[in-house]
Amino acid sequence: MEEVMPDLIDEDQSGFIKCRQTQDNIRRCLHIIEHIEKEKLRAILLSVDAEKAFDSVGWQFLYKVMGKFGFHEKFITSIKTLYTAPMARIKVNGGLSNSIHLQRGCRQGCPASPLLFNLFIEPLAQAIRQDLDLEGIIIRDTEHKICLFADDVLVSLKNPELGVPRLMDLLQEYGALSGYTLNIDKTQALVFNFVSSPVLKNKYRFNWDSTSIKYLGVTLTKDISLLYSKNYIQINTSIKEDLDRWAPLPLDIGSRIMVIKTNILPRLLYLFQSLPIHIPDNQFREWDKLISRFIWSSKAPRVRYKTLQLPKASGGMGLPNLKDYYLAAQVKPLLLWCNQEYISKWKAMELSLLDRPLQSLLGLPQTTKLYDIQSQWVRLAIDIWCSIVKQLNIQKEMRILAWPVYDPEFNPAVEGGGFVQWERQGLTALCLLVEKGELMDFKAMSKRYSLSQQDFYRYLQLRHYFNKNVKELLPEKMTGITQMFIKAYNGKLSKKIIGELYRYIVELRGHSTFYVKAKWEEELGIVITPEQWTNIINTQITTTGSHTWRDFSWKNCMRFFITPQQKSKQTGTQPKCWRGCGNEKANHSHIFWECPMLQTFWESVHAIIKSVLCFDIEFTSLSFYLGDMDLNLTRDDRYLLKIFMVAGKKAVTRRWLSAEPPNTSQWIAIVTNIQCMECLTYSLRLQKDKYDAMWRKWDLYLTTRDDNLLCS
């Protein structure tokens, strides 16, 4: 069913249809509201609420609809089988009611139910579209009457005095045939430039004076300038209350960041995608302060905020950068402009704004100010795009997205020359005509775009323009953002658009943890290459299957723990080592590795690891402590080595501020504790045999260590 639904169900329906999204109808509604206000139209937006919509589906009506849509009789019979004499019982406080015969409604939990409901309600949408007495909002010769997301229906009508009664009659007629029942109490109205008569108000008791309505989780307002305050002020209050309530919970830093990623980010990201409105910088700073206070429990941060926002593979914790997510959400529609396979009515509305394709502006950001773009939603997207291109310094490579026919530097197109016809044949953006940094030859271009021999001279003009104006500007490897636009033009757009855009924006920001690497180099007197630093980070983020142990490894690598040297800067005390070794400058390297009081412990651990793995690990700070594991080890041995190393660091922190250093018995106890947790993890994954193989050498050592058996 999923494969055929896009062909059966009109684009007005965006719910549970392949390649359609919730935000489609919201963005479309914003364009409709903007047009109504601009043209001062007498109009109404009516958010129609159905009473128990999914439960009201009449089966016989549904089967008739499926037949009309062309479903085969055998397929309809299969659906009928699912709905033949179904029974239900209600469970209350552990007790079951008597059996109830179900006579209508879609089955709960069935993945076919949303698709069946879309078929069920499509006749209503068709009736509204085809009813000549219902006058919709006409924007550039296209009439817009109805938006749907499953049972959430929004109707936009001109001349409400005549349109509303006709719509109500149509809903009543449809309900009599199908079982659909209107919930008048929850139906919302947004009236523009119109004062309803007392007769209309008394007959249909909507809130005719409402200044906003709630649609698909977003508050739509009559006054467009109030969209920000109506949506973000409320969610700000909710976020602050949640973070204040969760702050006292005994959560470590990794769990607190996970709360932000799974609870706070989705709420804001939905609004970022749904509302193409400007958010001031001070709002992002306010969110960052709230999040930072929550993560550090209102204490002084121990790691830079920008470091936390880096991906884990770069040494961060993947804390969301809300502003970059917002930017990614605003760039997403631009990618959809370039993808011919993505079809939506909001897209058609936007692409008709100028006498030239909006996509052609993306490759020449400096020319966008020459055009008067009437829609503020599109203007915002273009402005943000220009800002991102400038911030990330990718102006030159953007030329690959230019349309030569609209490039003021391409004189043959400016003067005419027949290039407009080339555009109609599909020769649009340069990225479609370039392969491996070179303009494709005329033979290949002719075959792909049906050019004739008479077009050869134009091809030579285009090649000259490309070699002179574009080729030298292109880097050997395009940035991820540019590659996404090229893929969009070629119909290969990813499903996770915002996530990919966000990742590429973060990469181009250039933030890194090299400042941490420099501190380790200074303290340990060593040189760490970028490749070695990458290996070190990878060691920390792949230590065991436990978030707790991976977070602990990360903390150690990022110098999370407060040493005497750091504390002395805060309190003015002497930065002496608490173990009494006499060191007057106890920094991270000293406390965890170089202290003479720790040497016996680390040497003993090294000897045990050599015994267990039958491999002599280089006993240096770079390899044995930081974890540059460029070693010729098997996967299982590498896995054990990471656990042995993190257990050693944990043994040090277990004796924090104690003059007595850790010993191997304490280290073995920590390894055993990790082993128990790993055993549970692999057992739950039904991979106990894999666990046994990985821990075999350690189990063998534990059974023989009393006899001091070592590898030969």
# chains A, B, ... in the order shown; residues from 1 in each chain; ligands from 1
$ select_by_dssp --residues "region 387-627 of chain A" --states "strand (DSSP E or B)" --output "list in words"
Val434, Glu435, Glu438 and Leu439 of chain A
$ write_last_selection --atoms "N, CA and C atoms" --output "tab-separated table (two decimals), in the first residue's frame"
chain	number	residue	atom	x	y	z
A	434	VAL	N	29.06	18.57	-14.95
A	434	VAL	CA	30.48	18.42	-14.62
A	434	VAL	C	30.73	17.03	-14.06
A	435	GLU	N	31.78	16.39	-14.55
A	435	GLU	CA	32.18	15.07	-14.07
A	435	GLU	C	33.67	15.09	-13.77
A	438	GLU	N	35.62	18.28	-14.63
A	438	GLU	CA	35.65	18.72	-16.02
A	438	GLU	C	34.24	18.74	-16.60
A	439	LEU	N	34.01	19.69	-17.49
A	439	LEU	CA	32.73	19.72	-18.20
A	439	LEU	C	32.65	18.51	-19.12
$ atom_distance --atom1 "CA of Ala189 (chain A)" --atom2 "CA of Arg140 (chain A)"
24.8 Å
$ closest_residue --among "A:Asn632, A:Gln359, A:Ser297, A:Asn231" --to "Lys214 (chain A)" --atoms "only C-alpha atoms"
A:Asn231
$ select_by_dssp --residues "region 335-513 of chain A" --states "alpha helix (DSSP H)" --output "compact mmCIF listing (two decimals) with N, CA and C atoms, in the first residue's frame"
# COMPACT_ATOMS: atom_id res chain seq x y z
N LEU A 335 17.41 22.59 -0.27
CA LEU A 335 17.77 21.29 -0.86
C LEU A 335 16.57 20.67 -1.57
N LEU A 336 15.39 20.81 -0.95
CA LEU A 336 14.19 20.24 -1.55
C LEU A 336 13.81 20.98 -2.84
N TRP A 337 14.13 22.28 -2.93
CA TRP A 337 13.92 22.99 -4.19
C TRP A 337 14.66 22.30 -5.33
N CYS A 338 15.88 21.82 -5.03
CA CYS A 338 16.76 21.29 -6.07
C CYS A 338 16.44 19.85 -6.44
N LYS A 345 3.11 21.18 -2.41
CA LYS A 345 2.46 22.42 -2.86
C LYS A 345 3.17 23.67 -2.33
N TRP A 346 3.78 23.58 -1.14
CA TRP A 346 4.53 24.74 -0.67
C TRP A 346 5.74 25.00 -1.58
N LYS A 347 6.34 23.93 -2.07
CA LYS A 347 7.49 24.07 -2.97
C LYS A 347 7.08 24.74 -4.27
N ALA A 348 5.94 24.32 -4.83
CA ALA A 348 5.46 24.94 -6.06
C ALA A 348 5.16 26.42 -5.85
N MET A 349 4.61 26.77 -4.68
CA MET A 349 4.31 28.17 -4.37
C MET A 349 5.58 29.00 -4.35
N GLU A 350 6.63 28.45 -3.74
CA GLU A 350 7.87 29.21 -3.59
C GLU A 350 8.62 29.34 -4.91
N LEU A 351 8.64 28.26 -5.69
CA LEU A 351 9.39 28.30 -6.95
C LEU A 351 8.73 29.20 -7.99
N GLN A 376 8.36 36.49 2.90
CA GLN A 376 9.36 36.61 3.97
C GLN A 376 9.92 35.25 4.36
N TRP A 377 9.16 34.17 4.14
CA TRP A 377 9.66 32.84 4.48
C TRP A 377 10.82 32.46 3.56
N VAL A 378 10.67 32.74 2.29
CA VAL A 378 11.73 32.44 1.32
C VAL A 378 12.89 33.40 1.50
N ARG A 379 12.59 34.65 1.79
CA ARG A 379 13.64 35.64 1.99
C ARG A 379 14.55 35.23 3.16
N LEU A 380 13.94 34.71 4.23
CA LEU A 380 14.72 34.27 5.38
C LEU A 380 15.65 33.12 4.98
N ALA A 381 15.10 32.13 4.25
CA ALA A 381 15.92 30.98 3.84
C ALA A 381 17.10 31.42 2.99
N ILE A 382 16.86 32.33 2.04
CA ILE A 382 17.93 32.82 1.17
C ILE A 382 18.98 33.58 1.99
N ASP A 383 18.52 34.44 2.89
CA ASP A 383 19.45 35.23 3.71
C ASP A 383 20.32 34.32 4.58
N ILE A 384 19.70 33.31 5.18
CA ILE A 384 20.46 32.37 6.02
C ILE A 384 21.47 31.61 5.17
N TRP A 385 21.06 31.22 3.97
CA TRP A 385 21.97 30.51 3.07
C TRP A 385 23.19 31.39 2.74
N CYS A 386 22.96 32.63 2.40
CA CYS A 386 24.07 33.54 2.09
C CYS A 386 24.98 33.72 3.29
N SER A 387 24.38 33.80 4.47
CA SER A 387 25.17 33.97 5.70
C SER A 387 26.04 32.74 5.96
N ILE A 388 25.47 31.54 5.79
CA ILE A 388 26.21 30.30 6.02
C ILE A 388 27.37 30.17 5.04
N VAL A 389 27.10 30.46 3.77
CA VAL A 389 28.15 30.37 2.75
C VAL A 389 29.32 31.29 3.09
N LYS A 390 29.00 32.49 3.59
CA LYS A 390 30.05 33.44 3.95
C LYS A 390 30.78 33.00 5.22
N GLN A 391 30.04 32.58 6.25
CA GLN A 391 30.66 32.16 7.50
C GLN A 391 31.60 30.97 7.31
N ASN A 411 28.21 35.96 -20.71
CA ASN A 411 27.66 36.91 -21.68
C ASN A 411 26.78 36.28 -22.75
N PRO A 412 27.13 35.11 -23.29
CA PRO A 412 26.26 34.53 -24.33
C PRO A 412 24.83 34.31 -23.85
N ALA A 413 24.65 33.94 -22.58
CA ALA A 413 23.30 33.74 -22.05
C ALA A 413 22.61 35.07 -21.81
N VAL A 414 23.38 36.07 -21.32
CA VAL A 414 22.82 37.40 -21.07
C VAL A 414 22.30 38.00 -22.37
N PHE A 419 20.14 29.91 -24.94
CA PHE A 419 20.39 29.10 -23.75
C PHE A 419 19.14 28.89 -22.90
N VAL A 420 18.11 29.72 -23.12
CA VAL A 420 16.85 29.51 -22.42
C VAL A 420 16.26 28.16 -22.83
N GLN A 421 16.40 27.82 -24.09
CA GLN A 421 15.91 26.52 -24.56
C GLN A 421 16.69 25.38 -23.91
N TRP A 422 17.97 25.58 -23.70
CA TRP A 422 18.78 24.57 -23.00
C TRP A 422 18.24 24.33 -21.60
N GLU A 423 17.85 25.41 -20.94
CA GLU A 423 17.29 25.26 -19.58
C GLU A 423 16.03 24.38 -19.62
N ARG A 424 15.19 24.59 -20.63
CA ARG A 424 13.97 23.80 -20.73
C ARG A 424 14.27 22.33 -20.98
N PHE A 442 30.81 17.00 -25.49
CA PHE A 442 29.58 17.33 -26.21
C PHE A 442 28.77 16.08 -26.54
N LYS A 443 29.46 14.99 -26.86
CA LYS A 443 28.76 13.76 -27.21
C LYS A 443 27.92 13.26 -26.04
N ALA A 444 28.52 13.24 -24.84
CA ALA A 444 27.79 12.77 -23.65
C ALA A 444 26.65 13.71 -23.31
N MET A 445 26.90 15.02 -23.45
CA MET A 445 25.86 16.01 -23.13
C MET A 445 24.70 15.91 -24.13
N SER A 446 25.03 15.68 -25.38
CA SER A 446 23.99 15.56 -26.40
C SER A 446 23.11 14.35 -26.14
N LYS A 447 23.74 13.25 -25.74
CA LYS A 447 22.98 12.02 -25.49
C LYS A 447 22.05 12.18 -24.29
N ARG A 448 22.53 12.86 -23.26
CA ARG A 448 21.74 13.01 -22.04
C ARG A 448 20.62 14.03 -22.21
N TYR A 449 20.88 15.11 -22.93
CA TYR A 449 19.91 16.21 -22.99
C TYR A 449 19.33 16.44 -24.39
N PHE A 456 26.46 22.78 -30.91
CA PHE A 456 27.88 22.61 -30.61
C PHE A 456 28.56 23.94 -30.29
N TYR A 457 28.20 24.99 -31.02
CA TYR A 457 28.81 26.30 -30.75
C TYR A 457 28.46 26.79 -29.35
N ARG A 458 27.21 26.60 -28.94
CA ARG A 458 26.82 26.97 -27.58
C ARG A 458 27.63 26.16 -26.55
N TYR A 459 27.86 24.90 -26.88
CA TYR A 459 28.67 24.06 -25.98
C TYR A 459 30.07 24.65 -25.81
N LEU A 460 30.67 25.09 -26.92
CA LEU A 460 32.00 25.69 -26.85
C LEU A 460 31.98 26.95 -25.98
N GLN A 461 30.92 27.75 -26.11
CA GLN A 461 30.79 28.94 -25.26
C GLN A 461 30.69 28.57 -23.79
N LEU A 462 29.92 27.53 -23.52
CA LEU A 462 29.75 27.08 -22.13
C LEU A 462 31.07 26.54 -21.57
N ARG A 463 31.80 25.79 -22.37
CA ARG A 463 33.08 25.24 -21.92
C ARG A 463 34.08 26.34 -21.62
N HIS A 464 34.10 27.35 -22.49
CA HIS A 464 35.01 28.49 -22.26
C HIS A 464 34.66 29.20 -20.95
N TYR A 465 33.36 29.42 -20.75
CA TYR A 465 32.89 30.06 -19.50
C TYR A 465 33.30 29.22 -18.28
N GLY A 480 30.94 18.74 2.38
CA GLY A 480 29.75 17.90 2.50
C GLY A 480 28.47 18.63 2.11
N ILE A 481 28.38 19.93 2.43
CA ILE A 481 27.18 20.69 2.11
C ILE A 481 26.99 20.77 0.59
N THR A 482 28.07 21.08 -0.12
CA THR A 482 27.98 21.16 -1.57
C THR A 482 27.61 19.81 -2.17
N GLN A 483 28.20 18.76 -1.66
CA GLN A 483 27.89 17.42 -2.16
C GLN A 483 26.42 17.07 -1.94
N MET A 484 25.83 17.54 -0.84
CA MET A 484 24.41 17.29 -0.62
C MET A 484 23.56 17.96 -1.69
N PHE A 485 23.91 19.18 -2.08
CA PHE A 485 23.14 19.86 -3.12
C PHE A 485 23.32 19.17 -4.47
N ILE A 486 24.52 18.69 -4.75
CA ILE A 486 24.76 17.97 -6.00
C ILE A 486 23.93 16.69 -6.03
N LYS A 487 23.88 15.98 -4.90
CA LYS A 487 23.06 14.77 -4.82
C LYS A 487 21.58 15.10 -4.97
N ALA A 488 21.16 16.23 -4.42
CA ALA A 488 19.75 16.63 -4.55
C ALA A 488 19.39 16.86 -6.01
N TYR A 489 20.27 17.52 -6.74
CA TYR A 489 20.01 17.74 -8.17
C TYR A 489 19.93 16.41 -8.92
N ILE A 497 18.16 14.61 6.24
CA ILE A 497 18.73 15.83 5.67
C ILE A 497 19.32 16.74 6.75
N ILE A 498 18.54 17.02 7.78
CA ILE A 498 18.98 17.98 8.80
C ILE A 498 20.19 17.44 9.55
N GLY A 499 20.18 16.15 9.87
CA GLY A 499 21.32 15.56 10.57
C GLY A 499 22.61 15.69 9.78
N GLU A 500 22.53 15.44 8.47
CA GLU A 500 23.73 15.55 7.63
C GLU A 500 24.17 17.00 7.49
N LEU A 501 23.23 17.89 7.25
CA LEU A 501 23.57 19.31 7.15
C LEU A 501 24.24 19.80 8.44
N TYR A 502 23.67 19.41 9.56
CA TYR A 502 24.22 19.83 10.85
C TYR A 502 25.66 19.32 11.00
N ARG A 503 25.88 18.06 10.65
CA ARG A 503 27.22 17.49 10.80
C ARG A 503 28.24 18.23 9.93
N TYR A 504 27.85 18.58 8.72
CA TYR A 504 28.79 19.27 7.84
C TYR A 504 29.03 20.70 8.30
N ILE A 505 28.01 21.35 8.84
CA ILE A 505 28.20 22.71 9.37
C ILE A 505 29.18 22.68 10.54
N VAL A 506 29.00 21.72 11.44
CA VAL A 506 29.90 21.59 12.59
C VAL A 506 31.33 21.34 12.13
N GLU A 507 31.51 20.48 11.12
CA GLU A 507 32.85 20.20 10.61
C GLU A 507 33.52 21.46 10.08
N LEU A 508 32.76 22.26 9.34
CA LEU A 508 33.33 23.46 8.73
C LEU A 508 33.58 24.58 9.73
N ARG A 509 32.98 24.48 10.91
CA ARG A 509 33.25 25.49 11.94
C ARG A 509 34.72 25.46 12.36
$ closest_atom_pairs --of "region 172-247 of chain A" --to "region 19-40 of chain A" --cutoff "9 Å" --atoms "only C-alpha atoms" --output "CSV"
residue,atom,partner,partner_atom,distance
A:Phe192,CA,A:Ile36,CA,7.5
A:Asn193,CA,A:Lys40,CA,6.6
A:Tyr215,CA,A:Ile26,CA,7.8
A:Leu216,CA,A:Thr22,CA,7.6
A:Val218,CA,A:Ile26,CA,8.0
A:Leu220,CA,A:Leu30,CA,7.9
A:Thr221,CA,A:Ile33,CA,8.6
A:Lys222,CA,A:Ile33,CA,7.3
A:Asp223,CA,A:Glu37,CA,8.5
A:Ile224,CA,A:Glu34,CA,7.5
$ write_last_selection --atoms "C-alpha atoms" --output "mmCIF file, in the first residue's frame"
data_model
loop_
_atom_site.group_PDB
_atom_site.id
_atom_site.type_symbol
_atom_site.label_atom_id
_atom_site.label_comp_id
_atom_site.auth_asym_id
_atom_site.auth_seq_id
_atom_site.Cartn_x
_atom_site.Cartn_y
_atom_site.Cartn_z
ATOM 1 C CA PHE A 192 -9.234 37.544 8.519
ATOM 2 C CA ASN A 193 -10.727 40.891 7.540
ATOM 3 C CA TYR A 215 -2.336 23.129 14.098
ATOM 4 C CA LEU A 216 -0.031 20.089 14.162
ATOM 5 C CA VAL A 218 2.320 24.786 16.044
ATOM 6 C CA LEU A 220 -0.595 29.835 13.810
ATOM 7 C CA THR A 221 -1.370 33.522 14.382
ATOM 8 C CA LYS A 222 -3.293 36.142 12.416
ATOM 9 C CA ASP A 223 -0.447 38.567 13.042
ATOM 10 C CA ILE A 224 2.629 36.885 11.539
#
$ residues_around --residues "Ile526 (chain A)" --least-positions-apart "5" --cutoff "10 Å" --atoms "only C-alpha atoms" --output "mmCIF file with all heavy atoms, in the first residue's frame"
data_model
loop_
_atom_site.group_PDB
_atom_site.id
_atom_site.type_symbol
_atom_site.label_atom_id
_atom_site.label_comp_id
_atom_site.auth_asym_id
_atom_site.auth_seq_id
_atom_site.Cartn_x
_atom_site.Cartn_y
_atom_site.Cartn_z
ATOM 1 N N ALA A 518 47.503 19.640 23.022
ATOM 2 C CA ALA A 518 48.672 20.481 23.300
ATOM 3 C C ALA A 518 49.037 20.454 24.784
ATOM 4 O O ALA A 518 50.230 20.470 25.143
ATOM 5 C CB ALA A 518 48.400 21.906 22.838
ATOM 6 N N TRP A 520 48.504 17.910 26.908
ATOM 7 C CA TRP A 520 49.162 16.624 27.184
ATOM 8 C C TRP A 520 50.601 16.639 26.658
ATOM 9 O O TRP A 520 51.517 16.118 27.317
ATOM 10 C CB TRP A 520 48.389 15.473 26.532
ATOM 11 C CG TRP A 520 47.119 15.092 27.209
ATOM 12 C CD1 TRP A 520 45.858 15.162 26.699
ATOM 13 C CD2 TRP A 520 46.967 14.554 28.532
ATOM 14 N NE1 TRP A 520 44.927 14.721 27.597
ATOM 15 C CE2 TRP A 520 45.587 14.329 28.744
ATOM 16 C CE3 TRP A 520 47.859 14.252 29.553
ATOM 17 C CZ2 TRP A 520 45.082 13.809 29.924
ATOM 18 C CZ3 TRP A 520 47.361 13.735 30.747
ATOM 19 C CH2 TRP A 520 45.994 13.522 30.926
ATOM 20 N N GLU A 521 50.814 17.208 25.487
ATOM 21 C CA GLU A 521 52.165 17.264 24.912
ATOM 22 C C GLU A 521 53.103 18.068 25.810
ATOM 23 O O GLU A 521 54.253 17.662 26.053
ATOM 24 C CB GLU A 521 52.104 17.897 23.518
ATOM 25 C CG GLU A 521 51.443 17.027 22.468
ATOM 26 C CD GLU A 521 51.316 17.729 21.129
ATOM 27 O OE1 GLU A 521 51.026 18.954 21.119
ATOM 28 O OE2 GLU A 521 51.481 17.069 20.100
ATOM 29 N N SER A 621 53.655 6.694 28.075
ATOM 30 C CA SER A 621 52.422 7.442 28.346
ATOM 31 C C SER A 621 51.529 7.491 27.114
ATOM 32 O O SER A 621 50.303 7.446 27.221
ATOM 33 C CB SER A 621 52.768 8.863 28.800
ATOM 34 O OG SER A 621 53.554 9.528 27.813
ATOM 35 N N LEU A 622 52.124 7.580 25.928
ATOM 36 C CA LEU A 622 51.338 7.678 24.701
ATOM 37 C C LEU A 622 50.546 6.403 24.434
ATOM 38 O O LEU A 622 49.359 6.446 24.126
ATOM 39 C CB LEU A 622 52.251 7.987 23.520
ATOM 40 C CG LEU A 622 51.570 8.202 22.161
ATOM 41 C CD1 LEU A 622 50.615 9.392 22.208
ATOM 42 C CD2 LEU A 622 52.615 8.407 21.069
#
$ residues_around --residues "Leu631 (chain A)" --least-positions-apart "4" --cutoff "10 Å" --atoms "only C-alpha atoms" --output "list in words"
Phe615, Ile617, Glu618, Ser623 and Arg638 of chain A
$ residues_around --residues "region 652-660 of chain A" --least-positions-apart "4" --cutoff "9 Å" --atoms "only C-alpha atoms" --output "list in words"
Phe561, Cys577, Trp578, Arg579, Gly580, Ile591, Phe592, Met597, Leu598, Ala647 and Gly648 of chain A
$ decode --residues "region 232-253 of chain A" --atoms "N, CA, C and O atoms" --output "short mmCIF file (atom, residue, chain, number, x, y, z; two decimals), in the first residue's frame"
data_model
loop_
_atom_site.label_atom_id
_atom_site.label_comp_id
_atom_site.auth_asym_id
_atom_site.auth_seq_id
_atom_site.Cartn_x
_atom_site.Cartn_y
_atom_site.Cartn_z
N TYR A 232 7.66 30.18 20.86
CA TYR A 232 8.90 29.95 21.59
C TYR A 232 8.85 30.37 23.05
O TYR A 232 9.52 29.77 23.88
N ILE A 233 8.06 31.38 23.36
CA ILE A 233 7.97 31.77 24.77
C ILE A 233 7.38 30.65 25.61
O ILE A 233 7.86 30.33 26.70
N GLN A 234 6.35 30.00 25.07
CA GLN A 234 5.72 28.90 25.79
C GLN A 234 6.67 27.72 25.96
O GLN A 234 6.79 27.14 27.04
N ILE A 235 7.38 27.37 24.88
CA ILE A 235 8.28 26.22 24.98
C ILE A 235 9.48 26.55 25.85
O ILE A 235 10.04 25.66 26.51
N ASN A 236 9.90 27.81 25.91
CA ASN A 236 10.99 28.20 26.80
C ASN A 236 10.62 27.93 28.25
O ASN A 236 11.42 27.42 29.04
N THR A 237 9.40 28.29 28.60
CA THR A 237 8.93 28.06 29.97
C THR A 237 8.91 26.57 30.29
O THR A 237 9.34 26.13 31.37
N SER A 238 8.43 25.78 29.35
CA SER A 238 8.36 24.33 29.53
C SER A 238 9.75 23.73 29.69
O SER A 238 9.98 22.87 30.57
N ILE A 239 10.71 24.16 28.86
CA ILE A 239 12.07 23.63 28.93
C ILE A 239 12.72 23.98 30.27
O ILE A 239 13.36 23.14 30.92
N LYS A 240 12.55 25.22 30.70
CA LYS A 240 13.14 25.65 31.97
C LYS A 240 12.56 24.86 33.14
O LYS A 240 13.30 24.41 34.04
N GLU A 241 11.26 24.65 33.13
CA GLU A 241 10.63 23.89 34.21
C GLU A 241 11.13 22.45 34.23
O GLU A 241 11.41 21.89 35.30
N ASP A 242 11.28 21.85 33.06
CA ASP A 242 11.75 20.47 32.99
C ASP A 242 13.18 20.35 33.50
O ASP A 242 13.51 19.45 34.28
N LEU A 243 14.06 21.25 33.04
CA LEU A 243 15.46 21.18 33.46
C LEU A 243 15.60 21.44 34.95
O LEU A 243 16.42 20.79 35.62
N ASP A 244 14.82 22.36 35.49
CA ASP A 244 14.87 22.61 36.93
C ASP A 244 14.39 21.40 37.72
O ASP A 244 14.93 21.09 38.80
N ARG A 245 13.40 20.69 37.17
CA ARG A 245 12.88 19.51 37.87
C ARG A 245 13.86 18.33 37.81
O ARG A 245 13.98 17.56 38.74
N TRP A 246 14.57 18.22 36.69
CA TRP A 246 15.49 17.09 36.53
C TRP A 246 16.87 17.36 37.11
O TRP A 246 17.65 16.42 37.32
N ALA A 247 17.20 18.62 37.35
CA ALA A 247 18.56 18.97 37.80
C ALA A 247 19.00 18.22 39.05
O ALA A 247 20.15 17.77 39.13
N PRO A 248 18.15 18.04 40.09
CA PRO A 248 18.62 17.35 41.31
C PRO A 248 18.85 15.84 41.14
O PRO A 248 19.40 15.20 42.04
N LEU A 249 18.42 15.26 40.02
CA LEU A 249 18.58 13.82 39.84
C LEU A 249 20.05 13.44 39.79
O LEU A 249 20.88 14.19 39.25
N PRO A 250 20.43 12.28 40.34
CA PRO A 250 21.85 11.85 40.37
C PRO A 250 22.30 11.33 39.01
O PRO A 250 22.55 10.13 38.83
N LEU A 251 22.42 12.22 38.04
CA LEU A 251 22.82 11.84 36.68
C LEU A 251 24.24 12.32 36.41
O LEU A 251 24.62 13.43 36.81
N ASP A 252 25.03 11.48 35.72
CA ASP A 252 26.37 11.92 35.34
C ASP A 252 26.27 12.78 34.08
O ASP A 252 25.20 12.95 33.49
N ILE A 253 27.41 13.31 33.64
CA ILE A 253 27.41 14.25 32.53
C ILE A 253 26.89 13.63 31.25
O ILE A 253 26.15 14.24 30.48
#
